[in-house]
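Listing of my_file.cif, mmCIF, C-alpha atoms
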data_upload
#
loop_
_atom_site.label_atom_id
_atom_site.label_comp_id
_atom_site.auth_asym_id
_atom_site.auth_seq_id
_atom_site.Cartn_x
_atom_site.Cartn_y
_atom_site.Cartn_z
CA MET T 30 130.76 85.03 69.21
CA SER T 31 132.50 84.60 72.54
CA VAL T 32 131.00 83.53 75.84
CA THR T 33 131.50 87.05 77.20
CA GLY T 34 129.47 88.50 74.33
CA LEU T 35 126.67 86.03 74.99
CA ILE T 36 126.65 86.92 78.68
CA LYS T 37 126.49 90.64 77.84
CA ARG T 38 123.59 90.12 75.45
CA PHE T 39 121.78 87.94 77.95
CA GLY T 40 122.26 90.63 80.62
CA VAL T 41 120.82 93.34 78.37
CA VAL T 42 117.81 91.18 77.50
CA ALA T 43 117.22 90.27 81.16
CA CYS T 44 117.33 93.95 82.18
CA MET T 45 114.91 94.95 79.43
CA VAL T 46 112.47 92.18 80.26
CA SER T 47 112.51 93.00 83.97
CA MET T 48 111.98 96.73 83.31
CA LEU T 49 109.19 96.26 80.79
CA GLY T 50 107.49 93.23 82.32
CA GLN T 51 105.67 94.97 85.16
CA PRO T 52 104.30 97.95 83.18
CA LEU T 53 103.18 95.67 80.35
CA SER T 54 101.40 93.33 82.76
CA CYS T 55 99.68 96.34 84.40
CA MET T 56 98.54 97.61 81.00
CA ALA T 57 97.24 94.17 80.06
CA ALA T 58 95.32 93.91 83.34
CA GLY T 59 93.95 97.41 82.84
CA SER T 60 92.64 96.66 79.36
CA ALA T 61 90.92 93.52 80.65
CA ASN T 62 89.22 95.53 83.41
CA GLN T 63 88.19 98.69 81.60
CA ALA T 64 84.81 99.00 83.30
CA VAL T 65 86.05 100.43 86.59
CA ALA T 66 83.62 102.38 88.75
CA ALA T 67 84.61 105.86 89.90
CA VAL T 68 85.52 105.95 93.58
CA HIS T 69 84.14 108.74 95.74
CA VAL T 70 86.78 110.00 98.19
CA GLU T 71 85.82 112.11 101.20
CA ASP T 72 88.12 114.19 103.38
CA VAL T 73 88.51 113.36 107.07
CA VAL T 74 90.85 114.76 109.71
CA ILE T 75 93.35 112.73 111.73
CA ASP T 76 94.54 114.14 115.05
CA GLU T 77 98.15 113.14 115.77
CA GLY T 78 97.75 110.15 113.43
CA VAL T 79 94.51 108.93 115.06
CA LEU T 80 91.47 108.28 112.88
CA VAL T 81 88.06 108.30 114.56
CA GLY T 82 85.18 106.54 112.84
CA LYS T 83 81.80 104.91 113.17
CA VAL T 84 80.17 101.87 111.58
CA SER T 85 76.38 101.96 111.35
CA THR T 86 73.61 100.38 109.33
CA GLU T 87 71.87 102.16 106.46
CA THR T 88 69.16 103.24 108.91
CA GLY T 89 71.72 104.73 111.32
CA ARG T 90 71.83 101.95 113.95
CA PRO T 91 75.40 101.53 115.35
CA VAL T 92 77.03 98.14 114.69
CA PRO T 93 78.93 96.86 117.75
CA ALA T 94 81.79 94.33 117.64
CA LYS T 95 82.35 94.77 113.90
CA ASP T 96 85.83 94.32 112.40
CA VAL T 97 87.29 97.38 110.68
CA GLU T 98 90.32 97.32 108.36
CA VAL T 99 92.27 100.34 107.15
CA MET T 100 93.98 99.78 103.81
CA PHE T 101 96.64 101.75 101.95
CA ALA T 102 98.11 100.89 98.53
CA GLY T 103 96.11 97.67 98.39
CA GLY T 104 97.32 96.28 101.72
CA VAL T 105 95.79 96.17 105.18
CA ILE T 106 97.81 98.45 107.45
CA ALA T 107 95.61 98.42 110.57
CA THR T 108 92.72 96.47 112.05
CA THR T 109 90.42 97.21 114.95
CA GLN T 110 86.91 96.45 116.17
CA THR T 111 83.98 98.74 116.93
CA ASP T 112 82.82 99.33 120.50
CA ALA T 113 79.22 99.03 121.77
CA GLY T 114 78.28 102.30 120.05
CA GLY T 115 79.77 101.31 116.69
CA ASN T 116 82.75 103.66 117.17
CA PHE T 117 86.37 102.84 116.37
CA ARG T 118 89.79 104.50 116.65
CA VAL T 119 92.92 103.68 114.68
CA ALA T 120 96.31 105.17 115.63
CA GLY T 121 99.54 105.48 113.68
CA LEU T 122 98.10 106.66 110.36
CA ARG T 123 99.57 109.17 107.91
CA GLU T 124 97.95 111.53 105.47
CA GLY T 125 96.85 110.21 102.08
CA VAL T 126 94.01 108.25 100.52
CA HIS T 127 93.00 105.19 102.56
CA GLU T 128 90.17 102.70 102.29
CA ILE T 129 88.19 101.71 105.36
CA ARG T 130 86.48 98.34 105.14
CA SER T 131 83.99 96.75 107.46
CA GLY T 132 82.50 93.49 106.29
CA THR T 133 81.54 93.94 102.64
CA SER T 134 81.33 97.75 102.86
CA THR T 135 84.25 99.96 101.86
CA ALA T 136 84.63 103.74 101.99
CA SER T 137 87.52 105.83 100.65
CA TYR T 138 88.87 108.74 102.67
CA ARG T 139 91.67 111.24 102.17
CA LEU T 140 93.23 111.63 105.63
CA TRP T 141 94.39 115.13 106.55
CA PRO T 142 96.50 116.20 109.53
CA LYS T 143 94.61 118.67 111.70
CA LYS T 144 97.01 121.53 110.80
CA THR T 145 96.59 121.23 107.02
CA ALA T 146 92.98 120.03 106.74
CA PRO T 147 90.60 121.96 104.48
CA PRO T 148 87.61 123.71 106.13
CA GLN T 149 84.95 121.22 104.90
CA VAL T 150 86.77 118.16 106.28
CA ARG T 151 84.84 115.55 108.30
CA GLN T 152 85.83 114.86 111.88
CA VAL T 153 84.58 111.24 111.84
CA ALA T 154 84.90 108.61 109.09
CA HIS T 155 81.64 106.75 108.50
CA VAL T 156 81.19 103.27 107.07
CA SER T 157 77.65 102.15 106.44
CA CYS T 158 76.72 98.49 106.12
CA CYS T 159 73.56 96.49 105.52
CA ASP T 160 70.70 96.63 108.05
CA ASP T 161 71.08 93.00 109.05
CA CYS T 162 74.79 93.13 109.96
CA PRO T 163 75.24 90.66 112.79
CA PRO T 164 77.95 91.48 115.35
CA GLN T 165 81.05 89.37 114.93
CA GLN T 166 82.04 87.22 117.86
CA GLN T 167 85.63 86.34 117.06
CA ARG T 168 88.19 88.51 115.35
CA VAL T 169 90.71 86.91 113.02
CA ASP T 170 93.59 89.13 111.91
CA PRO T 171 94.40 88.88 108.19
CA PRO T 172 97.87 87.78 107.16
CA ARG T 173 100.29 90.70 106.96
CA ARG T 174 102.07 91.61 103.77
CA GLY T 175 105.83 92.00 104.03
CA PRO T 176 107.57 95.33 103.48
CA LEU T 177 108.80 94.35 100.01
CA LYS T 178 105.29 93.46 98.86
CA ARG T 179 103.97 96.77 100.22
CA ALA T 180 106.78 98.67 98.47
CA PHE T 181 106.13 96.89 95.18
CA ALA T 182 102.38 97.59 95.46
CA ALA T 183 102.96 101.27 96.24
CA TYR T 184 105.83 101.93 93.79
CA PRO T 185 105.86 99.25 91.06
CA LEU T 186 107.98 101.18 88.54
CA ALA T 187 110.63 102.21 91.07
CA THR T 188 110.83 98.68 92.43
CA THR T 189 111.13 97.25 88.91
CA ALA T 190 113.91 99.73 88.11
CA LEU T 191 115.82 98.77 91.27
CA VAL T 192 115.51 95.07 90.47
CA ALA T 193 116.70 95.69 86.91
CA ALA T 194 119.65 97.76 88.16
CA GLY T 195 120.61 94.96 90.56
CA ILE T 196 120.51 92.36 87.80
CA GLY T 197 122.47 94.62 85.46
CA ALA T 198 125.11 95.32 88.11
CA ALA T 199 125.45 91.62 88.92
CA ILE T 200 126.17 90.93 85.27
CA ALA T 201 128.28 94.00 84.44
CA ILE T 202 130.63 94.05 87.45
CA PRO T 203 132.23 90.64 86.81
CA ILE T 204 132.64 91.49 83.13
CA ALA T 205 134.20 94.89 83.89
CA THR T 206 136.64 93.50 86.45
CA SER T 207 137.78 90.67 84.21
CA GLN T 208 141.56 90.70 83.55
CA LYS T 209 141.18 89.25 80.07
CA PRO T 210 141.88 91.61 77.17
CA ALA T 211 138.90 92.80 75.16
CA SER T 212 140.41 91.63 71.88
CA PRO T 213 142.88 88.81 71.23
#

Please go through the file and, once you have read it, give me the structure as structure tokens.
Amino acid sequence: MSVTGLIKRFGVVACMVSMLGQPLSCMAAGSANQAVAAVHVEDVVIDEGVLVGKVSTETGRPVPAKDVEVMFAGGVIATTQTDAGGNFRVAGLREGVHEIRSGTSTASYRLWPKKTAPPQVRQVAHVSCCDDCPPQQQRVDPPRRGPLKRAFAAYPLATTALVAAGIGAAIAIPIATSQKPASP
């Protein structure tokens, strides 16, 4: 077997491994974590990309100076802090399912633009936390995830396919442009 044949076989194996690796690892992780709780998602309206919300205790007391994170596809896309009345506003959001986290409390909301929102949609997102939530004095922003990590988290199969295509092209193009005859 020639060196070219070995390179071709190696290229095919590398492409197959890269395409199958991510879905197989997701399936393995899923089987290890089969006891997943159902997530309740509520509808809330966003006006021109602005989400309005409130953080309060279980008894309804507003929580001032509390950090709030908005997450999409597993990554933090926005952070803010509540005002004296426990209210917060986050701009620059798009429709879709987002998680809103404040401290250890997380709520899931489907954000709707005002024009397409269903009739029963909430106007304000609410996150409830424990009754003894102390206000936070100093806000530390979490590290940001790069655009490639966000893309891979949001579209793992498409990203895997693009990586596989790049590897395949890098192997196939030099072989196809070779001036050597295919047979001696």

Subject >> Polymer residues at most 6 Å from Ile75 in chain T, all atoms listed in the file, same-chain spacing of 5 or more positions, as a ChimeraX atom specification >> reply: /T:80,141-142

Original post:
Quick one: distance from CA of Lys144 in chain T to CA of Gly114 in chain T in Å, one decimal?
Top reply: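 CA of Lys144 in chain T sits 28.4 Å away from CA of Gly114 in chain T.
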
**OP:** Name every residue that the PyMOL selection byres ((chain T and resi 137) around 10) selects in this structure, writing the answer as a ChimeraX atom specification with chains first and numbers rising.
**Re:** /T:68-73,99-100,126-130,135-136,138-140,154-156

**OP:** For Gly89 in chain T, list every protein, DNA or RNA residue within 10 Å, evaluated using only C-alpha atoms, and leave out those in the same chain fewer than 4 positions away; present the list as JSON, numbers by chain.
**Re:** {"T": [84, 85, 157, 158, 160]}

Selection file, C-alpha atoms, as an mmCIF file, keeping the file's coordinate frame:
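So the final result, stored in again-v8.cif, reads:
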data_model
loop_
_atom_site.group_PDB
_atom_site.id
_atom_site.type_symbol
_atom_site.label_atom_id
_atom_site.label_comp_id
_atom_site.auth_asym_id
_atom_site.auth_seq_id
_atom_site.Cartn_x
_atom_site.Cartn_y
_atom_site.Cartn_z
ATOM 1 C CA VAL T 84 80.170 101.870 111.580
ATOM 2 C CA SER T 85 76.380 101.960 111.350
ATOM 3 C CA SER T 157 77.650 102.150 106.440
ATOM 4 C CA CYS T 158 76.720 98.490 106.120
ATOM 5 C CA ASP T 160 70.700 96.630 108.050
#

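Note that the spacing between CA of Glu77 in chain T and CA of Val153 in chain T amounts to 14.3 Å.
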
Subject >> Interatomic distance, CA of Val97 in chain T to CA of Asp76 in chain T (Å, one decimal) >> reply: 18.8 Å

Original post:
Of the residues T:Ala102, T:Val92, T:Val150, T:Ile36, which is the one nearest to Pro203 in chain T, using only C-alpha atoms?
Top reply: T:Ile36

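Proximity ranking of T:Ala187, T:Ala146, T:Ala193, T:Val119 relative to Glu98 in chain T places T:Val119 first, based on all atoms listed in the file.
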
Subject >> Selected residue of minimal separation from Pro148 in chain T among T:Leu122, T:Ala113, T:Ile106, T:Val74, counting all atoms listed in the file >> reply: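 Under the stated criterion, the closest residue is T:Val74.
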
Original post:
From the list T:Ser31, T:Val105, T:Arg38, T:Lys95, which residue is nearest Ile200 in chain T when using only C-alpha atoms?
Top reply: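 Selected residue with least distance to Ile200 in chain T: T:Arg38.
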